[in-house]
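Here is the file input.json (JSON, C-alpha atoms and all ligand atoms).
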```
[["chain", "number", "residue", "atom", "x", "y", "z"],
["H", 143, "VAL", "CA", -5.97, 23.20, -7.67],
["H", 144, "ALA", "CA", -4.92, 21.72, -10.98],
["H", 145, "GLU", "CA", -1.92, 19.44, -10.86],
["H", 146, "SER", "CA", 0.16, 21.57, -13.23],
["H", 147, "SER", "CA", -0.19, 24.63, -11.00],
["H", 148, "LYS", "CA", 0.89, 22.62, -7.97],
["H", 149, "ILE", "CA", 3.92, 21.42, -9.90],
["H", 150, "ALA", "CA", 4.70, 24.99, -10.94],
["H", 151, "ALA", "CA", 4.38, 26.17, -7.33],
["H", 152, "ILE", "CA", 6.75, 23.42, -6.14],
["H", 153, "TYR", "CA", 9.27, 24.32, -8.83],
["H", 154, "ASP", "CA", 9.04, 28.02, -8.00],
["H", 155, "ALA", "CA", 9.60, 27.29, -4.31],
["H", 156, "ALA", "CA", 12.64, 25.17, -5.18],
["H", 157, "LYS", "CA", 14.08, 27.80, -7.53],
["H", 158, "SER", "CA", 13.69, 30.56, -4.99],
["H", 159, "SER", "CA", 15.43, 28.55, -2.24],
["H", 160, "LYS", "CA", 19.16, 28.50, -1.71],
["H", 161, "GLU", "CA", 19.02, 24.77, -1.42],
["H", 162, "VAL", "CA", 16.54, 21.89, -1.39],
["H", 163, "ILE", "CA", 16.71, 18.95, 1.00],
["H", 164, "VAL", "CA", 14.73, 15.92, -0.07],
["H", 165, "VAL", "CA", 13.68, 13.47, 2.64],
["H", 166, "THR", "CA", 11.59, 10.31, 2.64],
["H", 167, "HIS", "CA", 10.08, 7.69, 4.93],
["H", 168, "ILE", "CA", 11.95, 5.48, 7.39],
["H", 169, "SER", "CA", 12.80, 1.95, 6.23],
["H", 170, "PRO", "CA", 13.22, 3.36, 2.73],
["H", 171, "ASP", "CA", 12.20, 1.15, -0.19],
["H", 172, "ALA", "CA", 13.02, 1.52, -3.88],
["H", 173, "ASP", "CA", 10.30, 4.14, -4.44],
["H", 174, "ALA", "CA", 11.49, 6.16, -1.45],
["H", 175, "VAL", "CA", 15.10, 6.13, -2.61],
["H", 176, "GLY", "CA", 14.27, 6.35, -6.33],
["H", 177, "SER", "CA", 11.85, 9.26, -6.01],
["H", 178, "SER", "CA", 13.93, 11.24, -3.51],
["H", 179, "LEU", "CA", 17.23, 10.86, -5.29],
["H", 180, "GLY", "CA", 15.56, 11.14, -8.69],
["H", 181, "LEU", "CA", 14.02, 14.46, -7.65],
["H", 182, "ALA", "CA", 17.30, 15.75, -6.19],
["H", 183, "LEU", "CA", 19.25, 14.87, -9.33],
["H", 184, "LEU", "CA", 16.53, 16.38, -11.52],
["H", 185, "LEU", "CA", 16.63, 19.68, -9.60],
["H", 186, "GLU", "CA", 20.41, 19.65, -9.58],
["H", 187, "LYS", "CA", 20.53, 19.08, -13.34],
["H", 188, "ASN", "CA", 18.35, 22.15, -13.73],
["H", 189, "GLY", "CA", 20.51, 24.44, -11.66],
["H", 190, "ILE", "CA", 18.95, 24.01, -8.21],
["H", 191, "GLU", "CA", 21.22, 22.83, -5.40],
["H", 192, "ALA", "CA", 19.55, 19.69, -4.00],
["H", 193, "ASN", "CA", 20.61, 16.88, -1.66],
["H", 194, "CYS", "CA", 18.93, 13.93, 0.05],
["H", 195, "PHE", "CA", 19.01, 13.40, 3.79],
["H", 196, "PHE", "CA", 18.55, 9.86, 5.10],
["H", 197, "SER", "CA", 18.46, 9.15, 8.82],
["H", 198, "GLU", "CA", 19.39, 5.49, 8.41],
["H", 199, "LYS", "CA", 21.58, 3.31, 6.24],
["H", 200, "LEU", "CA", 20.16, 2.55, 2.81],
["H", 201, "PRO", "CA", 19.17, -1.02, 1.91],
["H", 202, "VAL", "CA", 22.14, -2.77, 0.31],
["H", 203, "LYS", "CA", 20.22, -3.75, -2.81],
["H", 204, "LEU", "CA", 19.54, -0.07, -3.55],
["H", 205, "LEU", "CA", 23.14, 1.10, -3.20],
["H", 206, "SER", "CA", 23.87, 0.55, -6.87],
["H", 207, "LEU", "CA", 21.30, 3.24, -7.67],
["H", 208, "VAL", "CA", 22.59, 5.82, -5.25],
["H", 209, "ASP", "CA", 24.68, 8.83, -6.26],
["H", 210, "LYS", "CA", 26.69, 9.15, -3.05],
["H", 211, "ASN", "CA", 27.57, 12.80, -3.71],
["H", 212, "ARG", "CA", 23.95, 13.83, -3.33],
["H", 213, "VAL", "CA", 23.29, 11.96, -0.09],
["H", 214, "PHE", "CA", 24.05, 12.86, 3.52],
["H", 215, "PHE", "CA", 23.27, 11.29, 6.89],
["H", 216, "ALA", "CA", 24.47, 13.71, 9.59],
["H", 217, "GLU", "CA", 21.90, 15.49, 11.75],
["H", 218, "ASP", "CA", 24.13, 18.54, 12.34],
["H", 219, "GLU", "CA", 24.44, 18.99, 8.58],
["H", 220, "LEU", "CA", 20.66, 18.82, 8.27],
["H", 221, "ILE", "CA", 20.22, 21.43, 10.98],
["H", 222, "GLU", "CA", 22.80, 23.71, 9.41],
["H", 223, "LYS", "CA", 21.18, 23.54, 5.99],
["H", 224, "LEU", "CA", 17.70, 24.14, 7.41],
["H", 225, "ASN", "CA", 18.97, 27.09, 9.43],
["H", 226, "ASN", "CA", 20.46, 28.46, 6.22],
["H", 227, "GLY", "CA", 17.04, 28.54, 4.57],
["H", 228, "ALA", "CA", 16.85, 25.18, 2.81],
["H", 229, "LEU", "CA", 13.48, 24.06, 1.49],
["H", 230, "LEU", "CA", 12.36, 20.69, 2.83],
["H", 231, "ILE", "CA", 10.62, 18.35, 0.37],
["H", 232, "GLY", "CA", 9.35, 15.00, 1.66],
["H", 233, "VAL", "CA", 8.55, 12.30, -0.90],
["H", 234, "ASP", "CA", 6.62, 9.02, -0.60],
["H", 235, "CYS", "CA", 5.87, 9.69, 3.05],
["H", 236, "ALA", "CA", 2.31, 9.56, 4.35],
["H", 237, "THR", "CA", 2.85, 11.05, 7.78],
["H", 238, "LYS", "CA", 5.19, 13.54, 9.39],
["H", 239, "LYS", "CA", 6.12, 10.89, 11.91],
["H", 240, "ARG", "CA", 7.32, 8.48, 9.21],
["H", 241, "LEU", "CA", 9.92, 11.06, 8.13],
["H", 242, "GLY", "CA", 11.82, 9.66, 11.10],
["H", 243, "GLU", "CA", 12.80, 11.08, 14.45],
["H", 244, "VAL", "CA", 15.61, 13.34, 13.22],
["H", 245, "VAL", "CA", 13.56, 15.08, 10.52],
["H", 246, "TYR", "CA", 10.50, 15.16, 12.77],
["H", 247, "LYS", "CA", 12.25, 16.99, 15.56],
["H", 248, "ASN", "CA", 13.96, 19.53, 13.25],
["H", 249, "PHE", "CA", 10.92, 19.95, 11.00],
["H", 250, "SER", "CA", 10.03, 23.44, 12.22],
["H", 251, "LEU", "CA", 13.48, 24.77, 11.22],
["H", 252, "ALA", "CA", 12.53, 24.47, 7.55],
["H", 253, "LYS", "CA", 11.72, 27.68, 5.72],
["H", 254, "ALA", "CA", 8.91, 25.81, 3.99],
["H", 255, "THR", "CA", 7.78, 22.18, 3.67],
["H", 256, "ILE", "CA", 6.45, 20.36, 0.62],
["H", 257, "ASN", "CA", 4.79, 16.95, 0.66],
["H", 258, "ILE", "CA", 4.83, 14.86, -2.55],
["H", 259, "ASP", "CA", 3.18, 11.47, -2.16],
["H", 260, "HIS", "CA", 0.84, 8.81, -3.52],
["H", 261, "HIS", "CA", -0.41, 7.20, -0.28],
["H", 262, "ALA", "CA", -4.18, 7.38, 0.15],
["H", 263, "SER", "CA", -3.54, 7.70, 3.88],
["H", 264, "ASN", "CA", -1.41, 10.86, 3.46],
["H", 265, "GLU", "CA", -2.02, 13.36, 6.25],
["H", 266, "ASN", "CA", -1.19, 16.48, 4.19],
["H", 267, "TRP", "CA", 1.61, 17.28, 6.61],
["H", 268, "GLY", "CA", 3.29, 19.90, 4.37],
["H", 269, "GLU", "CA", 2.58, 23.57, 3.78],
["H", 270, "LEU", "CA", 2.15, 22.58, 0.17],
["H", 271, "ASN", "CA", 0.74, 19.11, -0.46],
["H", 272, "TRP", "CA", 0.75, 17.32, -3.79],
["H", 273, "VAL", "CA", -0.86, 13.95, -3.14],
["H", 274, "VAL", "CA", -2.04, 11.68, -5.96],
["H", 275, "PRO", "CA", -3.44, 8.38, -4.63],
["H", 276, "ASP", "CA", -3.94, 7.12, -8.21],
["H", 277, "ALA", "CA", -0.22, 7.27, -8.94],
["H", 278, "ALA", "CA", 1.39, 3.84, -8.77],
["H", 279, "ALA", "CA", 4.54, 5.26, -7.20],
["H", 280, "THR", "CA", 5.88, 8.61, -6.09],
["H", 281, "ALA", "CA", 8.49, 8.08, -8.81],
["H", 282, "GLU", "CA", 5.65, 8.19, -11.35],
["H", 283, "MET", "CA", 4.71, 11.63, -9.96],
["H", 284, "ILE", "CA", 8.32, 12.85, -10.16],
["H", 285, "PHE", "CA", 8.31, 11.88, -13.82],
["H", 286, "GLY", "CA", 5.06, 13.87, -14.20],
["H", 287, "PHE", "CA", 6.75, 16.80, -12.47],
["H", 288, "SER", "CA", 9.66, 16.68, -14.89],
["H", 289, "ASN", "CA", 7.40, 16.23, -17.90],
["H", 290, "SER", "CA", 5.05, 19.04, -16.97],
["H", 291, "LEU", "CA", 7.98, 21.46, -16.65],
["H", 292, "SER", "CA", 9.75, 20.07, -19.76],
["H", 293, "LEU", "CA", 12.84, 19.36, -17.67],
["H", 294, "LYS", "CA", 15.53, 17.09, -19.04],
["H", 295, "LEU", "CA", 16.17, 13.62, -17.61],
["H", 296, "ASN", "CA", 19.36, 11.63, -17.87],
["H", 297, "SER", "CA", 19.87, 7.88, -17.56],
["H", 298, "ASP", "CA", 20.67, 8.06, -13.81],
["H", 299, "ILE", "CA", 17.41, 9.86, -13.07],
["H", 300, "ALA", "CA", 15.48, 7.56, -15.41],
["H", 301, "ASN", "CA", 16.93, 4.48, -13.66],
["H", 302, "LEU", "CA", 15.98, 5.80, -10.21],
["H", 303, "LEU", "CA", 12.41, 6.61, -11.20],
["H", 304, "TYR", "CA", 11.99, 3.33, -13.07],
["H", 305, "ALA", "CA", 13.20, 1.43, -10.00],
["H", 306, "GLY", "CA", 10.59, 3.17, -7.83],
["H", 307, "ILE", "CA", 7.78, 2.31, -10.23],
["H", 308, "LEU", "CA", 8.96, -1.26, -10.78],
["H", 309, "ASP", "CA", 9.09, -1.95, -7.05],
["H", 310, "ASP", "CA", 5.85, -0.25, -6.01],
["H", 311, "THR", "CA", 3.92, -2.12, -8.73],
["H", 312, "GLY", "CA", 5.47, -5.49, -7.86],
["H", 313, "SER", "CA", 7.11, -5.52, -11.29],
["H", 314, "PHE", "CA", 3.89, -4.26, -12.89],
["H", 315, "CYS", "CA", 1.82, -7.06, -11.29],
["H", 316, "PHE", "CA", -0.26, -5.11, -8.76],
["H", 317, "SER", "CA", -3.61, -3.40, -9.32],
["H", 318, "ASN", "CA", -1.99, 0.05, -9.12],
["H", 319, "THR", "CA", -0.38, -0.53, -12.54],
["H", 320, "SER", "CA", -2.23, 1.81, -14.91],
["H", 321, "GLY", "CA", -1.85, 2.65, -18.57],
["H", 322, "LYS", "CA", -0.11, 5.80, -17.41],
["H", 323, "THR", "CA", 2.31, 3.74, -15.30],
["H", 324, "LEU", "CA", 3.35, 1.78, -18.36],
["H", 325, "ARG", "CA", 3.55, 4.88, -20.58],
["H", 326, "VAL", "CA", 5.74, 6.63, -18.00],
["H", 327, "SER", "CA", 7.90, 3.52, -17.71],
["H", 328, "ALA", "CA", 8.27, 3.37, -21.48],
["H", 329, "ASP", "CA", 9.33, 7.04, -21.51],
["H", 330, "LEU", "CA", 11.84, 6.30, -18.75],
["H", 331, "ILE", "CA", 13.35, 3.48, -20.82],
["H", 332, "ASP", "CA", 13.57, 5.87, -23.78],
["H", 333, "ALA", "CA", 15.32, 8.33, -21.46],
["H", 334, "GLY", "CA", 17.97, 5.73, -20.62],
["H", 335, "ALA", "CA", 16.58, 3.48, -17.89],
["H", 336, "ASN", "CA", 17.86, -0.09, -18.11],
["H", 337, "PRO", "CA", 15.06, -2.50, -17.03],
["H", 338, "ALA", "CA", 17.12, -5.68, -16.97],
["H", 339, "GLU", "CA", 19.89, -4.10, -14.94],
["H", 340, "ILE", "CA", 17.43, -2.63, -12.42],
["H", 341, "SER", "CA", 15.50, -5.87, -11.90],
["H", 342, "ASN", "CA", 18.77, -7.77, -11.61],
["H", 343, "ASN", "CA", 19.93, -5.39, -8.89],
["H", 344, "LEU", "CA", 16.61, -5.33, -7.04],
["H", 345, "TYR", "CA", 15.44, -8.95, -7.28],
["H", 346, "PHE", "CA", 18.10, -11.32, -8.53],
["H", 347, "GLN", "CA", 20.89, -10.68, -6.07],
["H", 348, "VAL", "CA", 19.31, -12.33, -3.03],
["H", 349, "PRO", "CA", 22.01, -13.46, -0.56],
["H", 350, "GLU", "CA", 21.84, -17.08, 0.57],
["H", 351, "LYS", "CA", 21.16, -16.05, 4.18],
["H", 352, "VAL", "CA", 17.98, -14.29, 3.07],
["H", 353, "TRP", "CA", 16.70, -17.52, 1.51],
["H", 354, "ARG", "CA", 17.60, -19.32, 4.79],
["H", 355, "LEU", "CA", 15.47, -16.75, 6.60],
["H", 356, "ARG", "CA", 12.65, -17.15, 4.09],
["H", 357, "SER", "CA", 12.67, -20.91, 4.59],
["H", 358, "LYS", "CA", 12.39, -20.47, 8.36],
["H", 359, "SER", "CA", 9.57, -18.01, 7.94],
["H", 360, "LEU", "CA", 7.69, -20.30, 5.54],
["H", 361, "LEU", "CA", 7.45, -22.89, 8.33],
["H", 362, "THR", "CA", 5.30, -20.39, 10.26],
["H", 363, "LEU", "CA", 2.69, -20.11, 7.49],
["H", 364, "ARG", "CA", -0.90, -20.20, 8.73],
["H", 365, "LEU", "CA", -3.93, -20.21, 6.48],
["H", 366, "GLU", "CA", -7.15, -19.02, 8.08],
["H", 367, "HIS", "CA", -10.79, -18.53, 7.10],
["H", 368, "GLN", "CA", -10.87, -21.32, 4.48],
["H", 369, "GLY", "CA", -7.46, -20.34, 3.20],
["H", 370, "ARG", "CA", -8.51, -16.81, 2.26],
["H", 371, "VAL", "CA", -6.18, -15.21, 4.81],
["H", 372, "GLY", "CA", -2.50, -16.11, 5.04],
["H", 373, "LEU", "CA", -0.15, -15.18, 7.86],
["H", 374, "MET", "CA", 3.57, -15.67, 8.32],
["H", 375, "PHE", "CA", 6.09, -14.20, 10.73],
["H", 376, "VAL", "CA", 9.77, -13.56, 11.43],
["H", 377, "THR", "CA", 11.08, -13.16, 14.99],
["H", 378, "GLN", "CA", 14.21, -11.36, 16.11],
["H", 379, "GLU", "CA", 15.64, -14.79, 16.96],
["H", 380, "MET", "CA", 15.19, -15.93, 13.34],
["H", 381, "LEU", "CA", 17.02, -12.80, 12.15],
["H", 382, "ASN", "CA", 19.84, -13.50, 14.59],
["H", 383, "GLU", "CA", 20.12, -17.16, 13.61],
["H", 384, "THR", "CA", 20.44, -16.34, 9.92],
["H", 385, "GLY", "CA", 22.45, -13.14, 10.29],
["H", 386, "CYS", "CA", 19.73, -11.14, 8.54],
["H", 387, "LEU", "CA", 18.46, -7.61, 9.09],
["H", 388, "SER", "CA", 14.83, -6.56, 9.21],
["H", 389, "GLU", "CA", 15.14, -5.16, 5.66],
["H", 390, "ASP", "CA", 15.80, -8.75, 4.55],
["H", 391, "THR", "CA", 12.19, -9.67, 5.30],
["H", 392, "GLU", "CA", 11.05, -7.63, 2.31],
["H", 393, "GLY", "CA", 9.25, -9.78, -0.23],
["H", 394, "LEU", "CA", 7.98, -12.33, 2.29],
["H", 395, "VAL", "CA", 4.50, -10.84, 2.20],
["H", 396, "ASP", "CA", 4.44, -11.42, -1.55],
["H", 397, "ILE", "CA", 5.17, -15.10, -1.04],
["H", 398, "ILE", "CA", 2.02, -15.37, 1.11],
["H", 399, "ARG", "CA", 0.12, -13.32, -1.43],
["H", 400, "SER", "CA", 1.15, -15.72, -4.19],
["H", 401, "ILE", "CA", -0.58, -18.72, -2.56],
["H", 402, "GLN", "CA", -3.64, -20.01, -4.37],
["H", 403, "GLY", "CA", -6.85, -19.03, -2.60],
["H", 404, "VAL", "CA", -5.22, -16.38, -0.44],
["H", 405, "GLU", "CA", -7.00, -13.03, -0.76],
["H", 406, "VAL", "CA", -5.35, -11.20, 2.10],
["H", 407, "ALA", "CA", -1.74, -11.70, 3.17],
["H", 408, "PHE", "CA", -0.23, -10.61, 6.47],
["H", 409, "PHE", "CA", 3.45, -10.69, 7.17],
["H", 410, "VAL", "CA", 4.39, -10.04, 10.81],
["H", 411, "ARG", "CA", 7.89, -9.16, 11.95],
["H", 412, "GLU", "CA", 9.14, -8.59, 15.44],
["H", 413, "ILE", "CA", 10.36, -5.09, 16.28],
["H", 414, "GLU", "CA", 11.65, -3.65, 19.54],
["H", 415, "ASN", "CA", 8.32, -3.09, 21.23],
["H", 416, "GLY", "CA", 5.99, -5.39, 19.32],
["H", 417, "PHE", "CA", 5.26, -6.40, 15.75],
["H", 418, "LYS", "CA", 5.22, -4.64, 12.42],
["H", 419, "VAL", "CA", 2.61, -6.01, 10.03],
["H", 420, "SER", "CA", 2.56, -5.74, 6.24],
["H", 421, "ALA", "CA", -0.83, -6.40, 4.68],
["H", 422, "ARG", "CA", -1.60, -7.13, 1.03],
["H", 423, "SER", "CA", -4.94, -7.64, -0.67],
["H", 424, "LYS", "CA", -5.38, -9.60, -3.89],
["H", 425, "ASN", "CA", -9.12, -8.95, -3.96],
["H", 426, "PRO", "CA", -10.12, -5.48, -5.24],
["H", 427, "GLU", "CA", -13.12, -5.55, -2.88],
["H", 428, "ILE", "CA", -10.92, -5.90, 0.18],
["H", 429, "ASP", "CA", -9.29, -2.70, 1.39],
["H", 430, "VAL", "CA", -6.31, -3.32, 3.64],
["H", 431, "ASN", "CA", -5.72, 0.43, 4.08],
["H", 432, "SER", "CA", -8.86, 0.68, 6.20],
["H", 433, "PHE", "CA", -7.89, -2.53, 8.01],
["H", 434, "ALA", "CA", -4.49, -1.00, 8.79],
["H", 435, "SER", "CA", -6.03, 2.28, 9.93],
["H", 436, "PHE", "CA", -8.03, 0.35, 12.54],
["H", 437, "PHE", "CA", -4.64, -0.45, 14.08],
["H", 438, "GLY", "CA", -3.34, 3.10, 13.61],
["H", 439, "GLY", "CA", -1.45, 2.37, 10.38],
["H", 440, "GLY", "CA", -2.18, 3.04, 6.74],
["H", 441, "GLY", "CA", -1.05, 2.80, 3.12],
["H", 442, "HIS", "CA", -2.97, 1.89, 0.01],
["H", 443, "LYS", "CA", -6.06, -0.21, -0.72],
["H", 444, "ALA", "CA", -3.98, -3.18, -1.84],
["H", 445, "ALA", "CA", -0.90, -2.67, 0.35],
["H", 446, "ALA", "CA", -0.73, -1.25, 3.85],
["H", 447, "GLY", "CA", 1.09, -1.59, 7.15],
["H", 448, "PHE", "CA", 0.59, -1.19, 10.88],
["H", 449, "THR", "CA", 2.14, -1.96, 14.24],
["H", 450, "ILE", "CA", 0.82, -4.06, 17.12],
["H", 451, "VAL", "CA", 2.33, -3.62, 20.57],
["H", 452, "ASP", "CA", 1.68, -7.01, 22.14],
["H", 453, "ASN", "CA", 3.11, -10.51, 22.21],
["H", 454, "LEU", "CA", 3.28, -12.66, 19.08],
["H", 455, "ASP", "CA", 0.37, -15.02, 19.79],
["H", 456, "THR", "CA", -1.95, -12.17, 20.71],
["H", 457, "ALA", "CA", -0.91, -10.21, 17.63],
["H", 458, "LEU", "CA", -1.56, -13.18, 15.32],
["H", 459, "ASP", "CA", -4.91, -13.93, 16.96],
["H", 460, "LEU", "CA", -5.95, -10.29, 16.77],
["H", 461, "ILE", "CA", -5.19, -10.08, 13.05],
["H", 462, "THR", "CA", -6.88, -13.42, 12.36],
["H", 463, "LYS", "CA", -10.03, -12.46, 14.25],
["H", 464, "LYS", "CA", -10.29, -8.96, 12.84],
["H", 465, "SER", "CA", -9.58, -10.09, 9.27],
["H", 466, "LYS", "CA", -12.83, -12.09, 9.22],
["H", 467, "ASP", "CA", -14.68, -8.75, 9.16],
["H", 468, "ILE", "CA", -13.13, -7.59, 5.91],
["H", 469, "LEU", "CA", -13.68, -10.77, 3.90],
["H", 470, "VAL", "CA", -16.56, -10.17, 1.49],
["R", 501, "MN", "MN", 5.71, 4.55, -2.90]]
```

Using structure tokens, write down the structure that the file contains.
Amino acid sequence: VAESSKIAAIYDAAKSSKEVIVVTHISPDADAVGSSLGLALLLEKNGIEANCFFSEKLPVKLLSLVDKNRVFFAEDELIEKLNNGALLIGVDCATKKRLGEVVYKNFSLAKATINIDHHASNENWGELNWVVPDAAATAEMIFGFSNSLSLKLNSDIANLLYAGILDDTGSFCFSNTSGKTLRVSADLIDAGANPAEISNNLYFQVPEKVWRLRSKSLLTLRLEHQGRVGLMFVTQEMLNETGCLSEDTEGLVDIIRSIQGVEVAFFVREIENGFKVSARSKNPEIDVNSFASFFGGGGHKAAAGFTIVDNLDTALDLITKKSKDILV
């Protein structure tokens, strides 16, 4: 099916629903928040009642972007809206499970479900699935949605979508940055996005405690396989000592990735029942999505994640050993 007819079908479904609820993945990042809220505001601006449900608190650094009137957190409100015939649209979320427990367990209440995403590992969990692995960010797709339907943007929507693209491309540094990505970003700036303000909010407001955490984590750096693989970790104890939250570990994987000679970076953080691993590849020949899928995770070729339920030493050894296989 051509992209424009998928977009038209999504818009028709939204127009014919009493209300749209936009949801996204757990541990929301700038693309998750930017694309979900950007879509909700875009629909709202065009006469369709739309709100975003989040099952957890939003990262502090994203709060400046958020229109609080369009966001809700209560499960009973979600259930009520779904029972009243709301359409459920999930953005930037590869699997039904990653929508989070609350959405997952009420999923079948939705009149219809739509899945808009750019993860190569997307499981097509919706009744209607619009998945574009070539898109740098889901926010880039939401811009395409708006453009294809000739909908109007405003500066709030443009800022949200720009933030999603900026973050998912590592400030236009990663291999997913295409000509289209830059053209869309330029159009977003013309529509009122403010690049300096967004990067200031996202990257240049790092609290001191986060740098204290980063310095602790840097001491754990291990380089393996002639320095081609880099690993670093953060334990719950390190979070406690510095007063940080798990969201504060964001960006650590990029520090490993930035080391000369490193082709694959792994950042490991302790979670309740094991370790969450973020993987990044700097070498276009090395696909960390398939590496992650070996461990039951997924993502993109250059950026993926997975979980290991084991102790720290075993987890690190497992990653180190297995990563030898993907070096080319
Ligand atoms: Mn994304």

Edge lengths and centre in Å, axis-aligned, range 260-269 of chain H plus 5 Å each side, as AutoDock Vina command-line options:
```
--center_x -0.4 --center_y 15.4 --center_z 1.5 --size_x 17.5 --size_y 26.4 --size_z 20.1
```

Could you check which residues have any atom within 9 Å of (2.1, 10.1, -18.0), counting only C-alpha atoms with coordinates taken straight from the file, and then list them as a PyMOL selection string? chain H and resi 282-283+285-286+289+321-327+329

Which residues are near ligand MN 501 (chain R) in this structure, taking near to mean any atom at most 7 Å from a ligand atom and counting all atoms listed in the file? Format them as a VMD selection string. chain H and resid 173 to 174 234 260 279 to 280 310

So which residues are close to (11.6, -6.8, 3.5), meaning at most 12 Å away in the file's coordinates with only C-alpha atoms counted, and can you show them as an MDAnalysis selection string? chainID H and resid 169:172 201:203 309 344:345 348 352 355:356 375:376 381 386:397 409:411 418:420

For Thr319 in chain H, which of H:Glu243, H:Asp298, H:Asp276, H:Asp209 is the closest residue, counting only C-alpha atoms? H:Asp276

Which residue out of H:Ile256, H:Val404, H:Ser178, H:Phe437 has the minimum interatomic distance to Ala156 in chain H when only C-alpha atoms are used? H:Ile256

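Rounded to one decimal, CA of Lys187 in chain H and CA of Lys157 in chain H lie 12.3 Å from each other.
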
Computed interatomic separation between CA of Arg364 in chain H and CA of Gln378 in chain H (Å): 19.0 Å
